[in-house]
Structure formats: C-alpha cells, structure tokens
file upload_6.txt (compact mmCIF, C-alpha atoms)
# COMPACT_ATOMS: atom_id res chain seq x y z
CA MET A 1272 114.77 110.67 122.69
CA THR A 1273 116.62 109.75 119.54
CA GLU A 1274 117.65 112.81 117.60
CA ILE A 1275 116.41 112.74 114.02
CA PRO A 1276 119.38 113.08 111.63
CA ARG A 1277 119.52 116.06 109.31
CA GLU A 1278 120.52 114.12 106.20
CA GLU A 1279 117.84 113.85 103.57
CA TYR A 1280 117.77 110.78 101.36
CA ILE A 1281 115.08 112.17 99.09
CA LEU A 1282 116.57 114.84 96.89
CA LYS A 1283 114.49 117.83 95.86
CA CYS A 1284 112.11 117.03 94.51
CA THR A 1285 109.89 114.00 93.88
CA SER A 1286 106.89 114.30 91.60
CA ALA A 1287 104.53 113.44 94.46
CA CYS A 1288 101.37 115.53 94.71
CA ALA A 1289 101.56 118.63 96.88
CA GLY A 1290 100.95 117.62 100.49
CA CYS A 1291 101.69 113.93 99.90
CA GLY A 1292 101.61 111.75 103.01
CA ASP A 1293 103.69 109.02 101.36
CA SER A 1294 106.50 111.42 100.58
CA LEU A 1295 106.51 112.65 104.19
CA SER A 1296 106.56 109.07 105.53
CA LEU A 1297 109.35 107.99 103.21
CA ARG A 1298 111.48 110.96 104.34
CA TYR A 1299 111.42 109.70 107.92
CA VAL A 1300 111.72 106.02 106.99
CA LEU A 1301 114.94 106.75 105.09
CA LYS A 1302 116.25 109.06 107.81
CA ALA A 1303 115.83 106.18 110.27
CA ALA A 1304 117.28 103.56 107.93
CA GLY A 1305 120.33 105.58 106.86
CA PRO A 1306 122.45 105.31 103.71
CA ASP A 1307 123.08 101.55 103.92
CA THR A 1308 119.60 100.67 102.73
CA VAL A 1309 117.96 99.13 99.70
CA LEU A 1310 114.35 99.94 98.92
CA VAL A 1311 112.22 97.38 97.11
CA VAL A 1312 109.25 99.14 95.55
CA PRO A 1313 106.40 97.38 93.75
CA ALA A 1314 103.99 99.31 91.53
CA CYS A 1315 102.58 102.06 93.72
CA CYS A 1316 102.81 105.83 94.07
CA THR A 1317 106.44 105.51 95.23
CA SER A 1318 107.47 103.87 91.96
CA VAL A 1319 105.93 106.78 90.06
CA ILE A 1320 107.28 109.71 92.06
CA GLN A 1321 110.97 108.80 91.71
CA GLY A 1322 111.57 110.93 88.65
CA ILE A 1323 112.18 110.50 84.96
CA TYR A 1324 114.84 108.09 83.65
CA PRO A 1325 117.87 108.51 83.76
CA ASN A 1326 117.35 110.58 86.91
CA THR A 1327 115.89 109.69 90.28
CA ALA A 1328 115.15 111.76 93.36
CA PHE A 1329 115.93 108.89 95.76
CA ASN A 1330 119.47 108.86 97.07
CA VAL A 1331 119.42 105.18 98.09
CA PRO A 1332 119.38 102.13 95.79
CA VAL A 1333 115.81 101.38 94.70
CA TYR A 1334 114.69 98.18 93.04
CA ASN A 1335 111.38 98.50 91.21
CA VAL A 1336 109.60 95.16 90.94
CA ALA A 1337 106.28 93.75 89.81
CA PHE A 1338 103.15 94.45 91.82
CA ALA A 1339 102.90 91.07 93.53
CA ALA A 1340 106.60 90.51 94.13
CA ALA A 1341 107.83 93.07 96.69
CA ALA A 1342 108.14 90.73 99.68
CA ALA A 1343 109.47 87.82 97.59
CA CYS A 1344 112.10 90.07 96.02
CA ALA A 1345 113.06 91.61 99.36
CA SER A 1346 113.46 88.22 101.03
CA GLY A 1347 115.74 87.00 98.24
CA MET A 1348 117.72 90.22 98.34
CA SER A 1349 118.24 90.07 102.08
CA ALA A 1350 119.28 86.40 101.84
CA ALA A 1351 121.89 87.31 99.20
CA LEU A 1352 123.17 90.28 101.22
CA ARG A 1353 123.44 88.23 104.43
CA ALA A 1354 125.26 85.45 102.54
CA ALA A 1355 127.75 88.07 101.38
CA GLY A 1356 128.17 89.13 105.04
CA LYS A 1357 126.54 92.54 104.59
CA LYS A 1358 124.21 94.15 107.10
CA THR A 1359 122.42 96.33 104.53
CA ASN A 1360 118.84 97.11 105.53
CA VAL A 1361 116.30 95.75 103.07
CA ILE A 1362 113.01 97.63 103.14
CA ALA A 1363 110.03 96.67 101.02
CA TYR A 1364 108.03 99.86 100.67
CA ALA A 1365 104.62 99.08 99.22
CA GLY A 1366 101.26 100.75 98.99
CA ASP A 1367 98.07 99.29 100.34
CA GLY A 1368 97.08 97.77 96.98
CA GLY A 1369 100.44 96.01 96.72
CA THR A 1370 100.11 94.71 100.27
CA VAL A 1371 96.48 94.08 101.12
CA ASP A 1372 95.31 92.85 97.72
CA ILE A 1373 97.98 91.93 95.21
CA GLY A 1374 101.10 91.37 97.30
CA ILE A 1375 99.58 89.46 100.19
CA GLN A 1376 100.69 85.98 99.21
CA ALA A 1377 104.30 87.10 98.77
CA LEU A 1378 104.07 88.93 102.10
CA SER A 1379 102.66 85.89 103.85
CA GLY A 1380 105.27 83.61 102.28
CA ALA A 1381 108.20 85.82 103.20
CA PHE A 1382 106.99 86.21 106.78
CA GLU A 1383 106.49 82.47 107.11
CA ARG A 1384 110.04 81.85 105.86
CA GLY A 1385 111.38 84.31 108.41
CA ALA A 1386 113.29 86.40 105.86
CA ASP A 1387 115.27 89.26 107.40
CA PHE A 1388 113.70 92.47 106.09
CA LEU A 1389 111.32 95.28 106.98
CA TYR A 1390 108.02 95.46 105.14
CA ILE A 1391 106.36 98.86 105.20
CA CYS A 1392 102.82 99.29 103.94
CA TYR A 1393 101.91 102.93 103.50
CA ASP A 1394 98.18 102.94 103.37
CA ASN A 1395 96.27 105.69 101.57
CA GLU A 1396 93.25 103.41 101.51
CA ALA A 1397 92.88 103.11 97.70
CA TYR A 1398 94.91 102.62 94.49
CA GLY A 1399 96.27 106.16 94.47
CA ASN A 1400 98.48 106.37 91.41
CA THR A 1401 95.95 104.89 88.98
CA GLY A 1402 93.22 107.30 90.08
CA MET A 1403 91.80 106.15 93.41
CA GLN A 1404 90.14 102.83 92.72
CA ARG A 1405 88.83 100.86 95.68
CA SER A 1406 91.26 98.51 97.41
CA GLY A 1407 90.86 96.03 100.24
CA ALA A 1408 92.11 98.73 102.59
CA THR A 1409 89.43 101.28 101.65
CA PRO A 1410 87.28 101.91 104.72
CA LEU A 1411 83.56 101.35 104.90
CA GLY A 1412 81.49 104.10 103.28
CA ALA A 1413 84.39 105.77 101.41
CA ARG A 1414 83.70 106.92 97.86
CA THR A 1415 86.32 105.98 95.29
CA THR A 1416 86.13 106.02 91.51
CA THR A 1417 84.96 102.38 91.54
CA THR A 1418 82.65 102.73 94.56
CA PRO A 1419 80.85 105.98 93.71
CA ALA A 1420 78.15 105.40 96.30
CA GLY A 1421 80.54 104.44 99.08
CA LYS A 1422 82.24 101.13 99.78
CA MET A 1423 79.91 98.49 101.20
CA GLN A 1424 82.56 96.37 102.94
CA PRO A 1425 84.75 97.28 105.92
CA LYS A 1426 88.53 97.60 105.69
CA LYS A 1427 90.52 94.37 105.70
CA ASP A 1428 92.30 93.88 109.02
CA LEU A 1429 95.81 93.58 107.62
CA ASP A 1430 97.49 93.95 111.01
CA ALA A 1431 95.69 90.88 112.35
CA ILE A 1432 96.77 88.89 109.28
CA VAL A 1433 100.39 89.93 109.78
CA ALA A 1434 100.19 89.34 113.55
CA ALA A 1435 99.07 85.77 112.84
CA HIS A 1436 102.52 85.16 111.32
CA ARG A 1437 104.03 86.11 114.70
CA PRO A 1438 106.75 88.47 113.44
CA PRO A 1439 109.26 89.67 116.06
CA TYR A 1440 108.14 93.27 115.59
CA MET A 1441 105.19 94.99 114.00
CA ALA A 1442 103.73 98.45 114.45
CA THR A 1443 101.32 100.99 113.08
CA ALA A 1444 102.40 104.58 112.47
CA CYS A 1445 101.31 107.84 110.91
CA PRO A 1446 103.43 110.59 109.31
CA ALA A 1447 101.59 113.15 111.48
CA TYR A 1448 103.79 111.76 114.28
CA PRO A 1449 107.21 111.71 112.57
CA LYS A 1450 109.27 111.06 115.72
CA ASP A 1451 107.11 108.06 116.55
CA LEU A 1452 107.48 106.79 112.97
CA PHE A 1453 111.25 107.35 113.07
CA GLN A 1454 111.66 105.39 116.30
CA LYS A 1455 109.49 102.55 115.07
CA VAL A 1456 111.56 102.15 111.89
CA LYS A 1457 114.77 102.20 113.97
CA LYS A 1458 113.36 99.57 116.30
CA ALA A 1459 112.08 97.40 113.45
CA LEU A 1460 115.49 97.43 111.76
CA SER A 1461 117.20 96.40 115.01
CA TYR A 1462 115.36 93.05 114.90
CA ARG A 1463 116.46 90.07 112.83
CA GLY A 1464 113.65 88.46 110.91
CA PRO A 1465 110.61 89.87 109.17
CA THR A 1466 109.24 93.09 110.66
CA PHE A 1467 106.23 95.07 109.58
CA ILE A 1468 105.06 98.68 109.84
CA HIS A 1469 101.65 99.84 108.69
CA ILE A 1470 101.56 103.59 108.00
CA LEU A 1471 98.33 105.50 107.52
CA SER A 1472 99.22 107.99 104.81
CA PRO A 1473 96.60 110.73 104.23
CA CYS A 1474 96.16 111.44 100.51
CA PRO A 1475 94.77 114.91 99.60
CA PRO A 1476 93.47 114.12 96.06
CA GLY A 1477 92.13 110.70 96.99
CA TRP A 1478 90.52 111.56 100.29
CA ARG A 1479 89.31 114.86 98.84
CA PHE A 1480 90.68 117.37 101.29
CA SER A 1481 92.87 120.39 100.61
CA THR A 1482 96.62 119.85 100.47
CA GLU A 1483 97.53 121.71 103.67
CA LYS A 1484 95.49 119.34 105.84
CA THR A 1485 97.59 116.16 105.41
CA VAL A 1486 99.18 116.33 108.85
CA GLU A 1487 95.97 117.59 110.44
CA MET A 1488 94.08 114.63 108.94
CA GLY A 1489 96.66 112.16 110.28
CA LYS A 1490 96.34 113.67 113.75
CA LEU A 1491 92.54 113.61 113.50
CA ALA A 1492 92.58 109.93 112.52
CA VAL A 1493 94.55 109.12 115.66
CA ARG A 1494 92.68 111.48 117.99
CA THR A 1495 89.25 110.23 116.91
CA GLY A 1496 90.38 106.62 117.36
CA MET A 1497 89.96 105.71 113.68
CA TRP A 1498 93.66 104.82 113.54
CA ILE A 1499 95.40 103.29 116.54
CA LEU A 1500 99.14 103.69 117.04
CA TYR A 1501 100.58 100.59 118.67
CA GLU A 1502 103.49 98.21 118.43
CA ARG A 1503 103.75 94.50 118.98
CA GLU A 1504 107.19 93.36 120.14
CA GLN A 1505 107.61 89.58 120.43
CA GLY A 1506 103.83 89.38 120.76
CA LYS A 1507 103.59 91.99 123.51
CA VAL A 1508 101.32 94.90 122.58
CA THR A 1509 102.10 98.49 123.59
CA ILE A 1510 99.60 101.20 122.70
CA ASN A 1511 101.47 104.46 122.07
CA GLY A 1512 100.85 107.75 123.86
CA PRO A 1513 98.66 109.62 121.35
CA SER A 1514 96.31 106.65 120.95
CA LYS A 1515 96.20 106.03 124.70
CA ALA A 1516 95.08 109.62 125.16
CA ALA A 1517 92.51 109.15 122.39
CA MET A 1518 91.10 106.06 124.10
CA VAL A 1519 90.52 108.01 127.30
CA LYS A 1520 89.07 111.09 125.63
CA PRO A 1521 88.44 110.70 121.89
CA LEU A 1522 87.48 113.54 119.58
CA PRO A 1523 84.08 113.10 117.87
CA VAL A 1524 84.47 110.92 114.76
CA GLY A 1525 82.45 113.47 112.79
CA GLU A 1526 85.46 115.80 112.75
CA TYR A 1527 87.47 113.20 110.81
CA ILE A 1528 84.58 112.14 108.54
CA ARG A 1529 83.30 115.61 107.66
CA ALA A 1530 86.77 116.89 106.79
CA GLN A 1531 87.03 114.44 103.87
CA GLY A 1532 85.13 114.62 100.60
CA ARG A 1533 85.28 110.83 100.16
CA PHE A 1534 82.82 110.40 103.05
CA LYS A 1535 80.34 112.89 101.57
CA GLY A 1536 76.75 111.75 102.06
CA ILE A 1537 77.70 108.84 104.33
CA SER A 1538 74.74 107.52 106.32
CA ALA A 1539 74.57 107.74 110.11
CA GLU A 1540 74.35 103.92 110.34
CA THR A 1541 77.58 103.50 108.39
CA VAL A 1542 79.35 105.98 110.67
CA ALA A 1543 77.99 104.15 113.71
CA ARG A 1544 79.28 100.85 112.30
CA MET A 1545 82.73 102.39 111.70
CA VAL A 1546 82.80 103.72 115.27
CA ASP A 1547 81.79 100.30 116.63
CA ASP A 1548 84.49 98.54 114.60
CA ALA A 1549 87.14 101.01 115.77
CA ALA A 1550 86.01 100.67 119.39
CA ALA A 1551 86.08 96.87 119.14
CA LEU A 1552 89.66 97.00 117.83
CA ALA A 1553 90.64 99.40 120.62
CA ARG A 1554 89.11 97.10 123.25
CA ARG A 1555 90.87 94.07 121.78
CA LEU A 1556 94.24 95.87 121.81
CA GLN A 1557 93.71 97.14 125.36
CA LYS A 1558 92.97 93.61 126.53
CA GLU A 1559 96.03 92.28 124.72
CA GLU A 1560 98.15 95.00 126.29
CA GLU A 1561 96.93 94.00 129.74
CA GLY A 1562 97.65 90.38 128.85
CA ILE A 1563 94.02 89.22 129.21
CA CYS A 1564 93.84 87.55 125.80
CA MET B 98 130.88 97.19 84.61
CA LYS B 99 129.98 96.55 80.99
CA LEU B 100 126.74 94.89 82.07
CA ARG B 101 125.96 97.79 84.40
CA ARG B 102 126.14 100.27 81.58
CA ARG B 103 123.58 98.27 79.64
CA LEU B 104 121.11 98.11 82.54
CA ALA B 105 118.49 100.82 82.92
CA ILE B 106 119.76 102.50 86.09
CA SER B 107 118.64 105.96 87.16
CA ARG B 108 121.12 108.16 89.03
CA PRO B 109 120.22 110.39 91.98
CA THR B 110 119.91 113.97 90.77
CA THR B 111 118.47 117.12 92.26
CA GLY B 112 115.53 118.23 90.18
CA ALA B 113 114.82 114.75 88.81
CA CYS B 114 111.22 115.82 88.24
CA GLY B 115 112.00 119.33 87.07
CA LYS B 116 111.49 122.46 89.11
CA THR B 117 108.32 121.55 90.98
CA GLY B 118 108.04 125.13 92.25
CA SER B 119 106.20 125.90 89.03
CA TRP B 120 103.21 123.88 90.37
CA ARG B 121 102.66 126.41 93.12
CA VAL B 122 99.46 128.43 93.30
CA PHE B 123 100.06 129.85 96.76
CA ARG B 124 103.48 130.89 98.01
CA PRO B 125 104.34 130.47 101.70
CA ARG B 126 105.95 133.52 103.29
CA ILE B 127 107.54 133.40 106.75
CA ASP B 128 107.02 136.40 109.04
CA ARG B 129 110.36 136.52 110.90
CA GLU B 130 108.88 138.72 113.63
CA LYS B 131 106.41 136.01 114.65
CA CYS B 132 108.64 132.98 113.96
CA ASN B 133 110.17 131.37 117.04
CA ALA B 134 112.25 128.90 114.98
CA CYS B 135 110.57 125.78 116.41
CA GLY B 136 111.17 123.94 113.13
CA MET B 137 107.71 122.39 112.82
CA CYS B 138 107.41 123.61 109.21
CA ALA B 139 110.67 121.92 108.23
CA MET B 140 109.66 118.77 110.10
CA TYR B 141 106.33 118.42 108.32
CA CYS B 142 107.37 119.52 104.81
CA PRO B 143 106.78 116.43 102.62
CA ASP B 144 109.51 117.45 100.20
CA ALA B 145 112.09 118.78 102.64
CA ALA B 146 111.95 122.12 100.83
CA ILE B 147 112.48 124.06 104.08
CA SER B 148 116.11 124.13 105.25
CA GLU B 149 117.42 123.99 108.83
CA ASP B 150 117.61 127.79 109.03
CA LEU B 151 113.98 127.75 107.89
CA GLU B 152 114.61 129.14 104.43
CA ILE B 153 112.06 127.95 101.87
CA ASP B 154 113.44 126.67 98.56
CA TYR B 155 111.01 128.30 96.13
CA ASP B 156 112.50 126.36 93.21
CA PHE B 157 110.95 123.19 94.60
CA CYS B 158 108.23 124.20 97.10
CA LYS B 159 104.95 122.87 95.70
CA GLY B 160 102.89 125.25 97.81
CA CYS B 161 100.88 122.58 99.65
CA GLY B 162 100.58 124.82 102.71
CA ILE B 163 101.23 122.19 105.40
CA CYS B 164 103.87 124.53 106.89
CA ALA B 165 101.34 127.37 107.25
CA ASN B 166 98.72 125.02 108.67
CA GLU B 167 101.04 123.45 111.25
CA CYS B 168 102.89 126.62 112.35
CA PRO B 169 102.03 127.06 116.06
CA LYS B 170 102.72 130.82 115.85
CA SER B 171 100.81 131.33 112.56
CA ALA B 172 103.95 132.95 111.23
CA ILE B 173 103.54 131.55 107.71
CA THR B 174 100.99 133.01 105.34
CA MET B 175 100.03 131.68 101.92
CA GLU B 176 99.98 134.37 99.25
CA ARG B 177 98.65 133.89 95.73
CA GLU B 178 101.41 133.69 93.12
CA GLU B 179 101.56 136.56 90.64
CA LYS B 180 101.70 135.22 87.12
call {"tool": "encode", "arguments": {"input": "upload_6.txt", "output": "structure tokens"}}
result
Amino acid sequence: MTEIPREEYILKCTSACAGCGDSLSLRYVLKAAGPDTVLVVPACCTSVIQGIYPNTAFNVPVYNVAFAAAAACASGMSAALRAAGKKTNVIAYAGDGGTVDIGIQALSGAFERGADFLYICYDNEAYGNTGMQRSGATPLGARTTTTPAGKMQPKKDLDAIVAAHRPPYMATACPAYPKDLFQKVKKALSYRGPTFIHILSPCPPGWRFSTEKTVEMGKLAVRTGMWILYEREQGKVTINGPSKAAMVKPLPVGEYIRAQGRFKGISAETVARMVDDAAALARRLQKEEEGIC
Amino acid sequence: MKLRRRLAISRPTTGACGKTGSWRVFRPRIDREKCNACGMCAMYCPDAAISEDLEIDYDFCKGCGICANECPKSAITMEREEK
C-alpha cells in the first residue's frame, strides 16, 4: 500500500467550519498530488476558506475563477503548461454547484476536448457557502433553505454524465476512507487526458449533524449503500472493498437518514424510493463490473 | 516582476485565518494511558492540527471532536473550555 506522505499542503488553518469534509478531502488530494500542482477553484467553499488577502492557507498555487469556468480554465492552463514542457498537475477542485449545475457545460466541453487535467467534484449536496440552497446534487427528500419541505426531485446522476464522455479514469470517493481517496487521486494523475473524481463530502452545518460525526456520516453513507465507492478505468468498472461489503450486507438506511437533520420528517415512501434508486445503481454497477452490460 | 507586484496574489502563511482555536467550545484531551498511538485522530483531523507525535495544536484546533469520535481506544475526551 502506498504510504501517505507527511507533508501538509494546507497550512494551519483554513477558515472552514469545524468538522469540514471538504477540508479533510483537500488535505488528502494535495498530499497525493504533491507540490507540483496548480489548483483551479471556482466559487465554492474552497474559494472562501483560503484566508484573507494577502494571506492564504494553501501552500500550492491556486487560481480562483468564475463559477462556470473551472474546467475551461483548467484545460487552458494544462495546455499552456504542456506546451512549455512542464508536467505540473492541474486539478480543478469544484463544489457540487459548480459542477452539477453551473459548471457542467465547461466540464463537458473540456472532457470532450480531451484536456489533460483532473476534475474533482466535492459534493456536499447543496450550495454550502451561500447558506445551503438546493443544488442539482441535493438528494430526494433533503431539506435545504430553498426546499424547506424536502426536495421533490432525485439527485442528478453526475457520474453517468461524466462516464458518457468516456474519460480514461473516473472514480467516486469519500474522505471517511482517506487511503482510498489518496490512491484514487494518485491513479487519476497518472493518466493523460481528463480524469474525474466525485467525492461525497459530509457537511455538518448543511446536513444538520454535530461536527464530530463527519467521518462517521461518510462511513454510514458507504455502509448503507447510499454512496458507492467505485472506479472506472478505461471503461472497466471496479467496485471498491467497502462498497462491495455493503452490497453483501448493508446497514439499514434509517441509520444514515435519522442521523441527519436535513431528512427530518421524511416520508416512508421517499425513503423507499431512495433505497430503490440506490439499489438500482448498485445493480447496474455490479452488472458493468461483471461485463454484462 | 513589476506586473506580478501589481497582481492581487496571496502568499501562503500560517494563521491566514487567524487563530481558529478561539472558535473552540470543547477542548480535546488525550489520555496517554489509553492511547496506543494508532494515529487515527491525526489521519481524520480536517485541519491537520494533530502532529505526528499526536500533540494537538490548541492554537488552531477548532474543537470539532472528530478525533474523539474516531479514536478506537476512546482515549480522547472533549472537555468544555473555561472562559
């Protein structure tokens, strides 16, 4: 197993909320990427937590761009770096709003052009830094400030959209499994061409759970089957260990739902629909892994 | 270089957001008798405020309590800060 380096590329301390899942993910992303890395950050929590000008807590170059432009900017940046003969890693690090809703055309364009960069979407399932408004990635039944009675629509299947672009590597990850996340970032950066990692990032203020439960919530999401850890290398799907175990013997979904205030008062039918959707995704991935479809 | 000076560039600094330890309501305390130095607390700390020798940097620890929650030996307790 790859040893995780001790160097930290996030200096103490960002202004992220206590128990932030994004901050934890970014720690391991940068550990995997190393010092020769440029981050491209659209408007999202990560652009807010860097610190106050003229200081920043991030010890790698960061380029803050407009909400819709992360992938476009990263593809241009990687083209310029490659033309100069540099192997610098270009990572677009965007939230779910900047990926699923606002940044999706730039993402699609950059993936179609085959630009050489890694796009990471850390998904806290709402617009976190503006006060938890609903996004396309908000799951069915979740309360946000703009869906006070629970969202009526299911979560957009971003991974299927990205998979349709046939990138050489894409994966899902969760900061509750940092070694897995670390290895996936390493692997993604070893490929030439556009690569994609979708990270589920539990958000204590947005999901309404207490700050010490971030990692617990990430593990619960995987163990109940609400989040599936898998990777797709050159089209070949591999479901990772924790999710494989969860498919054989899942924890009851209620443990994940009841632990979060955003699902307060959710109806039994909505929960059943969420479970069905998750099971359908699991079945589809299992079939793809076996090479049936 | 002249152009660079005119651009709005932030420089990496420790404490770029001030001493975030002042946010803390509960202070984690490690019981060295129970600790088996597995390093889970340092691995899961979102702000890397726990060093390799498992010393907590109280200047920056925000007191989220993930370390206490994830400690397999329950060696970390959260104590209310005295003000």
call {"tool": "interface_residues", "arguments": {"input": "upload_6.txt", "of": "chain A", "to": "chain B", "cutoff": "9 Å", "atoms": "only C-alpha atoms", "output": "ChimeraX atom specification"}}
result
/A:1277,1279,1281-1298,1320-1331,1446-1447,1449,1481-1487
call {"tool": "closest_atom_pairs", "arguments": {"input": "upload_6.txt", "of": "stretch 121-162 of chain B", "to": "stretch 173-179 of chain B", "cutoff": "6 Å", "atoms": "all atoms listed in the file", "output": "tab-separated table"}}
result
residue	atom	partner	partner_atom	distance
B:Val122	CA	B:Glu178	CA	5.6
B:Phe123	CA	B:Arg177	CA	4.4
B:Arg124	CA	B:Glu176	CA	5.1
B:Pro125	CA	B:Met175	CA	4.5
B:Arg126	CA	B:Thr174	CA	5.4
B:Ile127	CA	B:Ile173	CA	4.5
call {"tool": "atom_distance", "arguments": {"input": "upload_6.txt", "atom1": "atom CA of A:Thr1308", "atom2": "atom CA of A:Thr1359"}}
result
5.5 Å
call {"tool": "residues_around", "arguments": {"input": "upload_6.txt", "residues": "A:Pro1332", "least_positions_apart": "2", "cutoff": "7 Å", "atoms": "all atoms listed in the file", "output": "list in words"}}
result
Val1309, Leu1310, Asn1330 and Tyr1334 of chain A
call {"tool": "axis_aligned_box", "arguments": {"input": "upload_6.txt", "around": "stretch 141-157 of chain B", "padding_each_side": "8 Å", "output": "lines of an AutoDock Vina configuration file"}}
result
center_x = 112.0
center_y = 122.8
center_z = 101.1
size_x = 27.3
size_y = 28.7
size_z = 31.8
call {"tool": "atom_distance", "arguments": {"input": "upload_6.txt", "atom1": "atom CA of A:Thr1417", "atom2": "atom CA of A:Ala1397"}}
result
10.1 Å
call {"tool": "closest_residue", "arguments": {"input": "upload_6.txt", "among": "A:Pro1521, A:Pro1425, A:Gly1366, A:Pro1465", "to": "A:Gln1505", "atoms": "all atoms listed in the file"}}
result
A:Pro1465
call {"tool": "residues_around", "arguments": {"input": "upload_6.txt", "residues": "B:Cys168", "least_positions_apart": "6", "cutoff": "9 Å", "atoms": "all atoms listed in the file", "output": "PyMOL selection string"}}
result
chain B and resi 132+135-138
call {"tool": "atom_distance", "arguments": {"input": "upload_6.txt", "atom1": "atom CA of A:Ala1434", "atom2": "atom CA of A:His1469"}}
result
11.7 Å
call {"tool": "residues_around", "arguments": {"input": "upload_6.txt", "residues": "A:Ser1514", "least_positions_apart": "5", "cutoff": "10 Å", "atoms": "only C-alpha atoms", "output": "VMD selection string"}}
result
chain A and resid 1492 to 1501 1519 to 1521 1553
call {"tool": "residues_around", "arguments": {"input": "upload_6.txt", "residues": "stretch 1558-1564 of chain A", "least_positions_apart": "3", "cutoff": "6 Å", "atoms": "all atoms listed in the file", "output": "ChimeraX atom specification"}}
result
/A:1508-1509,1555
call {"tool": "write_last_selection", "arguments": {"input": "upload_6.txt", "atoms": "C-alpha atoms", "output": "compact mmCIF listing (two decimals), in the frame of the given file"}}
result
# COMPACT_ATOMS: atom_id res chain seq x y z
CA VAL A 1508 101.32 94.90 122.58
CA THR A 1509 102.10 98.49 123.59
CA ARG A 1555 90.87 94.07 121.78
call {"tool": "closest_residue", "arguments": {"input": "upload_6.txt", "among": "A:Ala1377, A:Leu1460, A:Val1361, A:Ile1510", "to": "A:Ser1349", "atoms": "all atoms listed in the file"}}
result
A:Val1361
call {"tool": "decode", "arguments": {"input": "upload_6.txt", "residues": "stretch 110-165 of chain B", "atoms": "C-alpha atoms", "output": "PDB file, in the first residue's frame"}}
result
ATOM      1  CA  THR B 110       1.063  31.981   5.663  1.00  0.00           C
ATOM      2  CA  THR B 111       0.371  30.053   8.830  1.00  0.00           C
ATOM      3  CA  GLY B 112      -2.613  31.566  10.563  1.00  0.00           C
ATOM      4  CA  ALA B 113      -4.061  33.069   7.385  1.00  0.00           C
ATOM      5  CA  CYS B 114      -7.488  32.992   9.023  1.00  0.00           C
ATOM      6  CA  GLY B 115      -6.324  33.991  12.478  1.00  0.00           C
ATOM      7  CA  LYS B 116      -6.027  31.665  15.429  1.00  0.00           C
ATOM      8  CA  THR B 117      -9.003  29.402  14.819  1.00  0.00           C
ATOM      9  CA  GLY B 118      -8.519  27.840  18.255  1.00  0.00           C
ATOM     10  CA  SER B 119     -10.652  30.665  19.611  1.00  0.00           C
ATOM     11  CA  TRP B 120     -13.704  29.043  17.936  1.00  0.00           C
ATOM     12  CA  ARG B 121     -13.453  26.053  20.227  1.00  0.00           C
ATOM     13  CA  VAL B 122     -16.223  25.230  22.678  1.00  0.00           C
ATOM     14  CA  PHE B 123     -14.923  21.801  23.636  1.00  0.00           C
ATOM     15  CA  ARG B 124     -11.238  21.016  24.032  1.00  0.00           C
ATOM     16  CA  PRO B 125      -9.943  17.549  23.120  1.00  0.00           C
ATOM     17  CA  ARG B 126      -7.652  15.999  25.727  1.00  0.00           C
ATOM     18  CA  ILE B 127      -5.634  12.846  25.028  1.00  0.00           C
ATOM     19  CA  ASP B 128      -5.330  10.279  27.820  1.00  0.00           C
ATOM     20  CA  ARG B 129      -1.787   8.954  27.257  1.00  0.00           C
ATOM     21  CA  GLU B 130      -2.500   5.871  29.378  1.00  0.00           C
ATOM     22  CA  LYS B 131      -5.207   4.694  26.975  1.00  0.00           C
ATOM     23  CA  CYS B 132      -3.609   5.950  23.731  1.00  0.00           C
ATOM     24  CA  ASN B 133      -1.941   3.268  21.613  1.00  0.00           C
ATOM     25  CA  ALA B 134      -0.603   5.810  19.075  1.00  0.00           C
ATOM     26  CA  CYS B 135      -2.543   4.383  16.112  1.00  0.00           C
ATOM     27  CA  GLY B 136      -2.718   7.847  14.540  1.00  0.00           C
ATOM     28  CA  MET B 137      -6.395   7.732  13.562  1.00  0.00           C
ATOM     29  CA  CYS B 138      -7.001  11.147  15.163  1.00  0.00           C
ATOM     30  CA  ALA B 139      -4.224  12.753  13.116  1.00  0.00           C
ATOM     31  CA  MET B 140      -5.453  10.991   9.977  1.00  0.00           C
ATOM     32  CA  TYR B 141      -9.021  12.261  10.312  1.00  0.00           C
ATOM     33  CA  CYS B 142      -8.312  15.791  11.588  1.00  0.00           C
ATOM     34  CA  PRO B 143      -9.697  18.095   8.857  1.00  0.00           C
ATOM     35  CA  ASP B 144      -7.212  20.825   9.689  1.00  0.00           C
ATOM     36  CA  ALA B 145      -4.127  18.719  10.377  1.00  0.00           C
ATOM     37  CA  ALA B 146      -3.984  20.225  13.860  1.00  0.00           C
ATOM     38  CA  ILE B 147      -2.690  16.955  15.362  1.00  0.00           C
ATOM     39  CA  SER B 148       1.027  16.352  14.778  1.00  0.00           C
ATOM     40  CA  GLU B 149       2.789  13.048  14.092  1.00  0.00           C
ATOM     41  CA  ASP B 150       3.620  12.589  17.786  1.00  0.00           C
ATOM     42  CA  LEU B 151      -0.094  13.155  18.398  1.00  0.00           C
ATOM     43  CA  GLU B 152       0.258  16.549  20.019  1.00  0.00           C
ATOM     44  CA  ILE B 153      -2.783  18.771  19.479  1.00  0.00           C
ATOM     45  CA  ASP B 154      -2.110  22.335  18.343  1.00  0.00           C
ATOM     46  CA  TYR B 155      -4.562  24.233  20.548  1.00  0.00           C
ATOM     47  CA  ASP B 156      -3.834  27.488  18.711  1.00  0.00           C
ATOM     48  CA  PHE B 157      -5.665  26.120  15.685  1.00  0.00           C
ATOM     49  CA  CYS B 158      -7.807  23.162  16.834  1.00  0.00           C
ATOM     50  CA  LYS B 159     -11.421  24.139  16.151  1.00  0.00           C
ATOM     51  CA  GLY B 160     -12.750  21.553  18.586  1.00  0.00           C
ATOM     52  CA  CYS B 161     -14.883  19.640  16.076  1.00  0.00           C
ATOM     53  CA  GLY B 162     -14.386  16.409  18.022  1.00  0.00           C
ATOM     54  CA  ILE B 163     -13.796  14.056  15.067  1.00  0.00           C
ATOM     55  CA  CYS B 164     -10.629  12.815  16.830  1.00  0.00           C
ATOM     56  CA  ALA B 165     -12.592  11.860  19.965  1.00  0.00           C
TER      57      ALA B 165
END
